[in-house]
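Peer 1: Input final_39.cif, format and content: mmCIF, C-alpha atoms.
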```
data_start
loop_
_atom_site.group_PDB
_atom_site.id
_atom_site.type_symbol
_atom_site.label_atom_id
_atom_site.label_comp_id
_atom_site.auth_asym_id
_atom_site.auth_seq_id
_atom_site.Cartn_x
_atom_site.Cartn_y
_atom_site.Cartn_z
ATOM 1 C CA MET U 1 -14.550 26.723 -22.806
ATOM 2 C CA SER U 2 -16.423 26.253 -26.077
ATOM 3 C CA LEU U 3 -18.854 23.402 -26.733
ATOM 4 C CA ALA U 4 -16.510 21.882 -29.310
ATOM 5 C CA SER U 5 -13.603 21.728 -26.894
ATOM 6 C CA VAL U 6 -15.834 20.177 -24.211
ATOM 7 C CA SER U 7 -16.970 17.433 -26.569
ATOM 8 C CA GLU U 8 -13.387 16.933 -27.704
ATOM 9 C CA PHE U 9 -12.377 16.593 -24.066
ATOM 10 C CA LEU U 10 -15.121 14.042 -23.430
ATOM 11 C CA LEU U 11 -14.120 12.001 -26.491
ATOM 12 C CA MET U 12 -10.530 11.612 -25.193
ATOM 13 C CA GLY U 13 -9.112 11.148 -28.685
ATOM 14 C CA GLY U 14 -11.214 8.030 -29.231
ATOM 15 C CA TYR U 15 -10.237 6.450 -25.916
ATOM 16 C CA ALA U 16 -13.279 7.763 -24.015
ATOM 17 C CA ALA U 17 -14.548 4.296 -23.020
ATOM 18 C CA TYR U 18 -11.190 3.336 -21.491
ATOM 19 C CA VAL U 19 -10.227 6.631 -19.863
ATOM 20 C CA TRP U 20 -13.635 7.388 -18.350
ATOM 21 C CA SER U 21 -14.303 3.867 -17.129
ATOM 22 C CA ALA U 22 -10.891 3.741 -15.436
ATOM 23 C CA TYR U 23 -11.359 7.153 -13.807
ATOM 24 C CA GLY U 24 -15.014 6.506 -12.971
ATOM 25 C CA LEU U 25 -14.329 3.187 -11.229
ATOM 26 C CA THR U 26 -11.331 4.545 -9.333
ATOM 27 C CA ILE U 27 -13.103 7.671 -8.116
ATOM 28 C CA THR U 28 -16.224 5.693 -7.162
ATOM 29 C CA LEU U 29 -14.152 3.228 -5.153
ATOM 30 C CA MET U 30 -12.320 6.057 -3.376
ATOM 31 C CA ILE U 31 -15.550 7.864 -2.506
ATOM 32 C CA VAL U 32 -17.229 4.663 -1.276
ATOM 33 C CA MET U 33 -14.238 3.775 0.929
ATOM 34 C CA SER U 34 -14.124 7.286 2.390
ATOM 35 C CA LEU U 35 -17.852 7.379 3.109
ATOM 36 C CA LEU U 36 -17.807 3.922 4.705
ATOM 37 C CA ALA U 37 -15.037 5.013 7.084
ATOM 38 C CA LEU U 38 -16.839 8.263 7.963
ATOM 39 C CA PHE U 39 -20.207 6.529 8.473
ATOM 40 C CA LYS U 40 -18.615 3.901 10.688
ATOM 41 C CA SER U 41 -16.982 6.652 12.734
ATOM 42 C CA SER U 42 -20.255 8.502 13.303
ATOM 43 C CA ARG U 43 -22.048 5.241 14.102
ATOM 44 C CA THR U 44 -19.421 4.433 16.734
ATOM 45 C CA TRP U 45 -19.822 7.894 18.255
ATOM 46 C CA LYS U 46 -23.588 7.473 18.455
ATOM 47 C CA LYS U 47 -23.166 4.066 20.081
ATOM 48 C CA LEU U 48 -20.708 5.446 22.652
ATOM 49 C CA LYS U 49 -22.965 8.379 23.401
ATOM 50 C CA PHE U 50 -25.935 6.044 23.865
ATOM 51 C CA THR U 51 -24.166 3.733 26.323
ATOM 52 C CA GLN U 52 -22.778 6.739 28.177
ATOM 53 C CA ASP U 53 -26.272 8.242 28.558
ATOM 54 C CA LEU U 54 -27.561 4.881 29.756
ATOM 55 C CA LYS U 55 -24.819 4.735 32.379
ATOM 56 C CA THR U 56 -25.442 8.245 33.718
ATOM 57 C CA LYS U 57 -29.177 7.535 33.918
ATOM 58 C CA LYS U 58 -28.512 4.429 35.984
ATOM 59 C CA GLU U 59 -26.259 6.395 38.303
ATOM 60 C CA ILE U 60 -28.956 8.989 38.971
ATOM 61 C CA GLU U 61 -32.092 6.822 39.140
ATOM 62 C CA PRO U 62 -31.511 4.053 41.717
ATOM 63 C CA MET S 63 4.060 7.772 23.115
ATOM 64 C CA LEU S 64 2.396 7.021 19.793
ATOM 65 C CA GLY S 65 1.961 3.487 21.049
ATOM 66 C CA SER S 66 -0.768 4.687 23.340
ATOM 67 C CA ALA S 67 -4.234 4.792 21.846
ATOM 68 C CA LYS S 68 -5.138 7.895 23.810
ATOM 69 C CA HIS S 69 -2.188 9.899 22.524
ATOM 70 C CA PHE S 70 -2.694 8.676 18.997
ATOM 71 C CA TYR S 71 -6.291 9.799 19.187
ATOM 72 C CA ARG S 72 -5.389 13.240 20.478
ATOM 73 C CA ILE S 73 -2.586 13.916 17.999
ATOM 74 C CA SER S 74 -4.552 12.622 15.015
ATOM 75 C CA SER S 75 -7.508 14.876 15.911
ATOM 76 C CA VAL S 76 -5.317 17.841 15.059
ATOM 77 C CA ILE S 77 -4.178 16.693 11.629
ATOM 78 C CA LEU S 78 -7.093 14.631 10.333
ATOM 79 C CA PRO S 79 -9.437 17.398 9.042
ATOM 80 C CA THR S 80 -6.540 19.106 7.238
ATOM 81 C CA LEU S 81 -5.481 15.795 5.742
ATOM 82 C CA TRP S 82 -8.971 14.998 4.398
ATOM 83 C CA ILE S 83 -9.583 18.437 2.902
ATOM 84 C CA GLY S 84 -6.011 18.907 1.703
ATOM 85 C CA SER S 85 -5.843 15.555 -0.057
ATOM 86 C CA VAL S 86 -9.182 16.091 -1.820
ATOM 87 C CA LEU S 87 -7.956 19.485 -3.075
ATOM 88 C CA VAL S 88 -4.653 18.019 -4.269
ATOM 89 C CA LEU S 89 -6.520 15.191 -6.018
ATOM 90 C CA LEU S 90 -8.833 17.666 -7.774
ATOM 91 C CA LEU S 91 -5.829 19.689 -8.902
ATOM 92 C CA GLY S 92 -4.142 16.494 -10.101
ATOM 93 C CA LEU S 93 -7.248 15.431 -12.029
ATOM 94 C CA TYR S 94 -7.397 18.795 -13.764
ATOM 95 C CA ALA S 95 -3.694 18.726 -14.578
ATOM 96 C CA GLY S 96 -3.770 15.126 -15.775
ATOM 97 C CA LEU S 97 -6.989 15.198 -17.777
ATOM 98 C CA VAL S 98 -6.916 18.746 -19.167
ATOM 99 C CA LEU S 99 -3.470 20.352 -18.986
ATOM 100 C CA ALA S 100 -1.213 17.416 -19.885
ATOM 101 C CA PRO S 101 -0.768 16.950 -23.647
ATOM 102 C CA ALA S 102 -1.736 13.650 -25.290
ATOM 103 C CA ASP S 103 1.066 11.112 -25.648
ATOM 104 C CA TYR S 104 2.544 10.919 -29.160
ATOM 105 C CA GLN S 105 2.285 7.116 -29.170
ATOM 106 C CA GLN S 106 -0.605 6.251 -26.868
ATOM 107 C CA GLY S 107 -2.809 9.293 -27.450
ATOM 108 C CA ASP S 108 -5.186 10.120 -24.617
ATOM 109 C CA SER S 109 -5.214 6.554 -23.264
ATOM 110 C CA PHE S 110 -1.958 7.306 -21.431
ATOM 111 C CA ARG S 111 -3.956 9.499 -19.014
ATOM 112 C CA ILE S 112 -4.953 6.294 -17.200
ATOM 113 C CA MET S 113 -1.373 6.427 -15.909
ATOM 114 C CA TYR S 114 -2.378 9.250 -13.533
ATOM 115 C CA ILE S 115 -4.513 6.867 -11.499
ATOM 116 C CA HIS S 116 -2.842 3.558 -12.320
ATOM 117 C CA VAL S 117 0.677 4.500 -11.187
ATOM 118 C CA PRO S 118 -0.363 6.144 -7.881
ATOM 119 C CA ALA S 119 -2.603 3.147 -7.063
ATOM 120 C CA ALA S 120 0.214 0.699 -7.857
ATOM 121 C CA ILE S 121 2.890 2.619 -5.909
ATOM 122 C CA LEU S 122 0.551 3.091 -2.972
ATOM 123 C CA SER S 123 -0.512 -0.555 -2.842
ATOM 124 C CA GLN S 124 3.114 -1.652 -2.520
ATOM 125 C CA SER S 125 3.974 0.967 0.041
ATOM 126 C CA ILE S 126 0.852 0.084 2.054
ATOM 127 C CA TYR S 127 2.136 -3.476 2.081
ATOM 128 C CA VAL S 128 5.458 -2.315 3.521
ATOM 129 C CA MET S 129 3.591 -0.333 6.188
ATOM 130 C CA MET S 130 1.387 -3.307 7.035
ATOM 131 C CA ALA S 131 4.364 -5.660 7.364
ATOM 132 C CA SER S 132 6.243 -3.076 9.480
ATOM 133 C CA MET S 133 3.259 -2.747 11.787
ATOM 134 C CA GLY S 134 3.219 -6.548 11.967
ATOM 135 C CA ALA S 135 6.887 -6.579 12.985
ATOM 136 C CA VAL S 136 6.299 -3.875 15.606
ATOM 137 C CA PHE S 137 3.405 -5.894 16.995
ATOM 138 C CA LEU S 138 5.440 -9.121 17.101
ATOM 139 C CA ILE S 139 8.484 -7.531 18.758
ATOM 140 C CA TRP S 140 7.023 -4.936 21.139
ATOM 141 C CA LYS S 141 3.440 -6.268 21.382
ATOM 142 C CA ILE S 142 2.072 -2.775 20.896
ATOM 143 C CA LYS S 143 -1.678 -3.096 20.477
ATOM 144 C CA LEU S 144 -1.987 0.029 18.348
ATOM 145 C CA ALA S 145 0.298 -1.598 15.750
ATOM 146 C CA ASP S 146 -2.124 -4.503 15.546
ATOM 147 C CA VAL S 147 -5.039 -2.105 15.076
ATOM 148 C CA ALA S 148 -3.079 -0.256 12.378
ATOM 149 C CA MET S 149 -2.306 -3.540 10.655
ATOM 150 C CA ARG S 150 -5.875 -4.762 10.536
ATOM 151 C CA THR S 151 -7.368 -1.446 9.447
ATOM 152 C CA VAL S 152 -4.902 -1.066 6.556
ATOM 153 C CA ALA S 153 -5.370 -4.523 4.996
ATOM 154 C CA PRO S 154 -8.718 -3.782 3.279
ATOM 155 C CA ILE S 155 -7.390 -0.457 1.961
ATOM 156 C CA GLY S 156 -4.365 -2.271 0.557
ATOM 157 C CA ALA S 157 -6.521 -4.911 -1.097
ATOM 158 C CA ALA S 158 -8.752 -2.240 -2.645
ATOM 159 C CA LEU S 159 -5.805 -0.233 -3.990
ATOM 160 C CA THR S 160 -4.152 -3.308 -5.485
ATOM 161 C CA PHE S 161 -7.482 -4.151 -7.101
ATOM 162 C CA MET S 162 -7.615 -0.574 -8.411
ATOM 163 C CA ALA S 163 -4.101 -0.892 -9.876
ATOM 164 C CA LEU S 164 -4.987 -4.189 -11.565
ATOM 165 C CA LEU S 165 -8.306 -2.889 -12.872
ATOM 166 C CA THR S 166 -6.955 0.372 -14.318
ATOM 167 C CA GLY S 167 -4.006 -1.602 -15.700
ATOM 168 C CA ALA S 168 -6.376 -3.977 -17.485
ATOM 169 C CA ILE S 169 -8.393 -1.086 -18.913
ATOM 170 C CA TRP S 170 -5.165 0.590 -20.078
ATOM 171 C CA GLY S 171 -3.791 -2.677 -21.437
ATOM 172 C CA LYS S 172 -6.688 -3.268 -23.828
ATOM 173 C CA PRO S 173 -6.036 -0.322 -26.182
ATOM 174 C CA THR S 174 -2.261 -0.350 -25.630
ATOM 175 C CA TRP S 175 -1.311 -4.042 -25.691
ATOM 176 C CA GLY S 176 -4.479 -5.378 -27.301
ATOM 177 C CA THR S 177 -5.322 -7.503 -24.253
ATOM 178 C CA TRP S 178 -6.824 -7.006 -20.804
ATOM 179 C CA TRP S 179 -4.473 -9.405 -19.107
ATOM 180 C CA VAL S 180 -1.232 -11.341 -19.653
ATOM 181 C CA TRP S 181 0.287 -13.828 -17.223
ATOM 182 C CA ASP S 182 3.607 -12.041 -17.057
ATOM 183 C CA ALA S 183 5.740 -11.428 -13.979
ATOM 184 C CA ARG S 184 4.607 -7.891 -13.182
ATOM 185 C CA LEU S 185 0.908 -8.612 -13.415
ATOM 186 C CA THR S 186 1.117 -11.969 -11.691
ATOM 187 C CA SER S 187 3.191 -10.672 -8.767
ATOM 188 C CA THR S 188 0.734 -7.777 -8.339
ATOM 189 C CA LEU S 189 -2.136 -10.280 -8.299
ATOM 190 C CA ILE S 190 -0.228 -12.160 -5.575
ATOM 191 C CA LEU S 191 0.043 -8.868 -3.659
ATOM 192 C CA MET S 192 -3.738 -8.610 -3.691
ATOM 193 C CA PHE S 193 -4.052 -12.198 -2.467
ATOM 194 C CA LEU S 194 -1.611 -11.437 0.372
ATOM 195 C CA PHE S 195 -3.811 -8.547 1.515
ATOM 196 C CA LEU S 196 -6.874 -10.778 1.199
ATOM 197 C CA GLY S 197 -5.049 -13.524 3.116
ATOM 198 C CA VAL S 198 -4.392 -11.163 6.023
ATOM 199 C CA LEU S 199 -8.073 -10.176 5.914
ATOM 200 C CA ALA S 200 -9.143 -13.831 5.829
ATOM 201 C CA ILE S 201 -7.085 -14.586 8.953
ATOM 202 C CA ARG S 202 -8.853 -11.731 10.717
ATOM 203 C CA ASN S 203 -12.257 -12.913 9.610
ATOM 204 C CA ALA S 204 -11.546 -16.467 10.696
ATOM 205 C CA ALA S 205 -9.603 -15.850 13.912
ATOM 206 C CA GLY S 206 -10.980 -12.505 15.115
ATOM 207 C CA ASN S 207 -9.137 -9.574 16.635
ATOM 208 C CA GLY S 208 -7.255 -11.346 19.413
ATOM 209 C CA PRO S 209 -3.446 -11.311 19.819
ATOM 210 C CA ALA S 210 -3.093 -14.811 18.320
ATOM 211 C CA ALA S 211 -4.818 -13.712 15.112
ATOM 212 C CA GLY S 212 -2.656 -10.588 15.159
ATOM 213 C CA ARG S 213 0.509 -12.669 15.324
ATOM 214 C CA MET S 214 -0.612 -14.950 12.494
ATOM 215 C CA ALA S 215 -1.526 -11.976 10.303
ATOM 216 C CA ALA S 216 1.794 -10.305 11.147
ATOM 217 C CA ILE S 217 3.810 -13.397 10.203
ATOM 218 C CA LEU S 218 1.955 -13.780 6.896
ATOM 219 C CA SER S 219 2.500 -10.124 6.013
ATOM 220 C CA ILE S 220 6.221 -10.307 6.862
ATOM 221 C CA ILE S 221 6.730 -13.433 4.732
ATOM 222 C CA GLY S 222 4.882 -11.734 1.877
ATOM 223 C CA VAL S 223 7.469 -8.934 1.742
ATOM 224 C CA ILE S 224 9.486 -11.295 -0.526
ATOM 225 C CA ASN S 225 6.927 -10.481 -3.209
ATOM 226 C CA LEU S 226 7.818 -6.762 -3.294
ATOM 227 C CA PRO S 227 11.270 -6.919 -4.943
ATOM 228 C CA ILE S 228 9.749 -9.396 -7.396
ATOM 229 C CA ILE S 229 7.122 -6.793 -8.387
ATOM 230 C CA LYS S 230 9.748 -4.064 -8.622
ATOM 231 C CA TYR S 231 12.313 -5.913 -10.715
ATOM 232 C CA SER S 232 9.880 -8.072 -12.695
ATOM 233 C CA VAL S 233 10.003 -5.646 -15.609
ATOM 234 C CA ASP S 234 13.798 -5.897 -15.759
ATOM 235 C CA TRP S 235 14.256 -9.610 -15.013
ATOM 236 C CA TRP S 236 11.720 -11.122 -17.359
ATOM 237 C CA PHE S 237 10.372 -10.300 -20.786
ATOM 238 C CA THR S 238 7.153 -8.356 -20.351
ATOM 239 C CA LEU S 239 4.655 -6.153 -22.108
ATOM 240 C CA HIS S 240 4.685 -3.837 -19.116
ATOM 241 C CA GLN S 241 6.700 -0.688 -19.517
ATOM 242 C CA PRO S 242 9.504 -0.023 -17.008
ATOM 243 C CA ALA S 243 9.141 2.538 -14.230
ATOM 244 C CA SER S 244 8.204 6.003 -15.435
ATOM 245 C CA PHE S 245 9.673 7.593 -12.331
ATOM 246 C CA SER S 246 12.848 7.228 -10.379
ATOM 247 C CA LEU S 247 14.207 9.090 -7.379
ATOM 248 C CA THR S 248 17.678 9.418 -8.863
ATOM 249 C CA GLU S 249 17.129 10.320 -12.487
ATOM 250 C CA LYS S 250 15.424 13.064 -14.377
ATOM 251 C CA PRO S 251 12.122 11.802 -15.834
ATOM 252 C CA ALA S 252 12.085 11.107 -19.561
ATOM 253 C CA MET S 253 8.666 12.734 -19.809
ATOM 254 C CA PRO S 254 8.228 16.490 -20.241
ATOM 255 C CA VAL S 255 7.300 18.417 -17.098
ATOM 256 C CA GLU S 256 3.648 18.951 -18.104
ATOM 257 C CA MET S 257 3.320 15.159 -18.183
ATOM 258 C CA TRP S 258 5.152 14.138 -15.002
ATOM 259 C CA LEU S 259 4.039 16.981 -12.756
ATOM 260 C CA PRO S 260 0.358 15.839 -12.806
ATOM 261 C CA LEU S 261 1.596 12.361 -11.901
ATOM 262 C CA LEU S 262 3.550 13.721 -8.950
ATOM 263 C CA ILE S 263 0.495 15.699 -7.796
ATOM 264 C CA MET S 264 -1.714 12.615 -8.076
ATOM 265 C CA ILE S 265 0.777 10.479 -6.126
ATOM 266 C CA ILE S 266 0.848 13.073 -3.324
ATOM 267 C CA GLY S 267 -2.969 13.280 -3.393
ATOM 268 C CA PHE S 268 -3.343 9.502 -3.235
ATOM 269 C CA TYR S 269 -0.928 9.297 -0.273
ATOM 270 C CA GLY S 270 -2.762 12.044 1.615
ATOM 271 C CA TRP S 271 -6.137 10.456 0.988
ATOM 272 C CA PHE S 272 -4.843 7.058 2.069
ATOM 273 C CA LEU S 273 -3.393 8.471 5.299
ATOM 274 C CA ALA S 274 -6.660 10.272 6.098
ATOM 275 C CA LEU S 275 -8.645 7.084 5.465
ATOM 276 C CA TRP S 276 -6.251 4.941 7.495
ATOM 277 C CA ILE S 277 -6.167 7.317 10.463
ATOM 278 C CA GLN S 278 -9.955 7.598 10.353
ATOM 279 C CA ARG S 279 -10.310 3.821 10.508
ATOM 280 C CA ILE S 280 -7.744 3.443 13.304
ATOM 281 C CA ARG S 281 -9.543 6.097 15.379
ATOM 282 C CA THR S 282 -12.898 4.322 15.098
ATOM 283 C CA GLU S 283 -11.308 0.993 15.988
ATOM 284 C CA VAL S 284 -9.460 2.499 18.964
ATOM 285 C CA LEU S 285 -12.678 4.073 20.305
ATOM 286 C CA GLU S 286 -14.495 0.748 20.073
ATOM 287 C CA GLU S 287 -11.667 -1.138 21.793
ATOM 288 C CA ASP S 288 -11.272 1.376 24.607
ATOM 289 C CA ALA S 289 -15.017 2.076 24.911
ATOM 290 C CA ASN S 290 -14.956 1.349 28.646
ATOM 291 C CA LYS S 291 -11.843 3.378 29.440
ATOM 292 C CA ASP S 292 -11.907 6.743 31.131
ATOM 293 C CA TRP S 293 -10.352 8.750 28.330
ATOM 294 C CA VAL S 294 -13.082 7.638 25.917
ATOM 295 C CA SER S 295 -15.924 8.457 28.317
ATOM 296 C CA GLN S 296 -14.335 11.878 28.880
ATOM 297 C CA LEU S 297 -14.239 12.427 25.112
ATOM 298 C CA VAL S 298 -17.866 11.368 24.758
ATOM 299 C CA GLN S 299 -18.925 13.749 27.524
ATOM 300 C CA GLN S 300 -17.107 16.620 25.887
ATOM 301 C CA ARG S 301 -18.997 16.201 22.635
#
```
What is this structure when it is put down as structure tokens?

Peer 2:
Amino acid sequence: MSLASVSEFLLMGGYAAYVWSAYGLTITLMIVMSLLALFKSSRTWKKLKFTQDLKTKKEIEP
Amino acid sequence: MLGSAKHFYRISSVILPTLWIGSVLVLLLGLYAGLVLAPADYQQGDSFRIMYIHVPAAILSQSIYVMMASMGAVFLIWKIKLADVAMRTVAPIGAALTFMALLTGAIWGKPTWGTWWVWDARLTSTLILMFLFLGVLAIRNAAGNGPAAGRMAAILSIIGVINLPIIKYSVDWWFTLHQPASFSLTEKPAMPVEMWLPLLIMIIGFYGWFLALWIQRIRTEVLEEDANKDWVSQLVQQR
């Protein structure tokens, strides 16, 4: 790809502001939603693991 | 079978990684096809490329609504708890996708119609769709995750189904700036293949991504609800 065709691509025939803002907002929202779900999942796993470890400790100690 | 949280968890473990990776790949392919390969529209120029995210978001938001209302009906009739979990985990995704459809529509409307917003039937009924999703969310926030809140949310989502044919036929029933459907299951598209194929790829990508996100959220919710059950402690030990 030449530099001219890259800049032409970025300009989007004069609609750059509209096209890139629409795509940028959509992609950002999709990434944020995905990450939130994945973070929540790993947080839940950590929490479960923690309570499980606590339980097994109690079973051994007293 | 699928009504049991344990089985749902086990079956979804098999497909979830493929669904995440596959949908991201399809979306990347769709982005390349829609932004680079598709030719500019002879009337709208490059602004028409917003269609490749606007149409999938709009289609998906309506079909998520159908899924949410169906889960509500399943919960009301058979009292399956997993349906309630599915219903409450899908509402925020639905609200976000409707917002996405409205937002990209507004950004597309400015250069095409000369305005961000008009109070016509299509746009107004889509705004109502977003409020229905937010209404279901508000019930959850106010009344919690109990069965009573589940029933209320289910009834609201089922009543709201009336809005869907209004969205669909709004462009035919009333005068509007909004263009009619670009796709139909029964007819050949009016667009050339290099224009509609990226749209098809993006729609498939959006659906895959949505399913991955939804399943991911249901799994987390199911683990939290069944935290004290044997199958969850077994899973935790295995990790």

Peer 1: Applied to the shown file, which residues does the PyMOL selection byres ((chain S and resi 100) around 10) return, written as a count of residues only?

Peer 2: 19

Peer 1: Do you know which residues the PyMOL selection byres ((chain U) within 10 of (chain S)) returns on this file, as a ChimeraX atom specification?

Peer 2: /U:9-23,25-27,29-30,33-38,40-53

Peer 1: Applying 10 Å and only C-alpha atoms, which residues near Ala145 in chain S remain after dropping the ones on its own chain fewer than 3 positions away? List them as a list in words.

Peer 2: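 Answer for this query is Leu64, Gly65, Ser66, Ala67, Met130, Ser132, Met133, Gly134, Ala135, Val136, Phe137, Leu138, Trp140, Lys141, Ile142, Ala148, Met149, Arg150, Thr151, Gly212, Ala216 and Ile280 of chain S.
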
Peer 1: Counting all atoms listed in the file, which of S:Leu91, S:Ala153, S:Leu239, S:Leu199 gets nearest to Leu185 in chain S?

Peer 2: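 For Leu185 in chain S, the nearest of the given residues is S:Leu239.
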
Peer 1: Determine the residue set returned by the PyMOL selection byres ((chain S and resi 89) around 8) for the present structure, and present it as a list in words.

Peer 2: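 After applying the PyMOL selection byres ((chain S and resi 89) around 8), what remains is Ser85, Val86, Leu87, Val88, Leu90, Leu91, Gly92, Leu93, Ile263, Met264, Gly267 and Phe268 of chain S.
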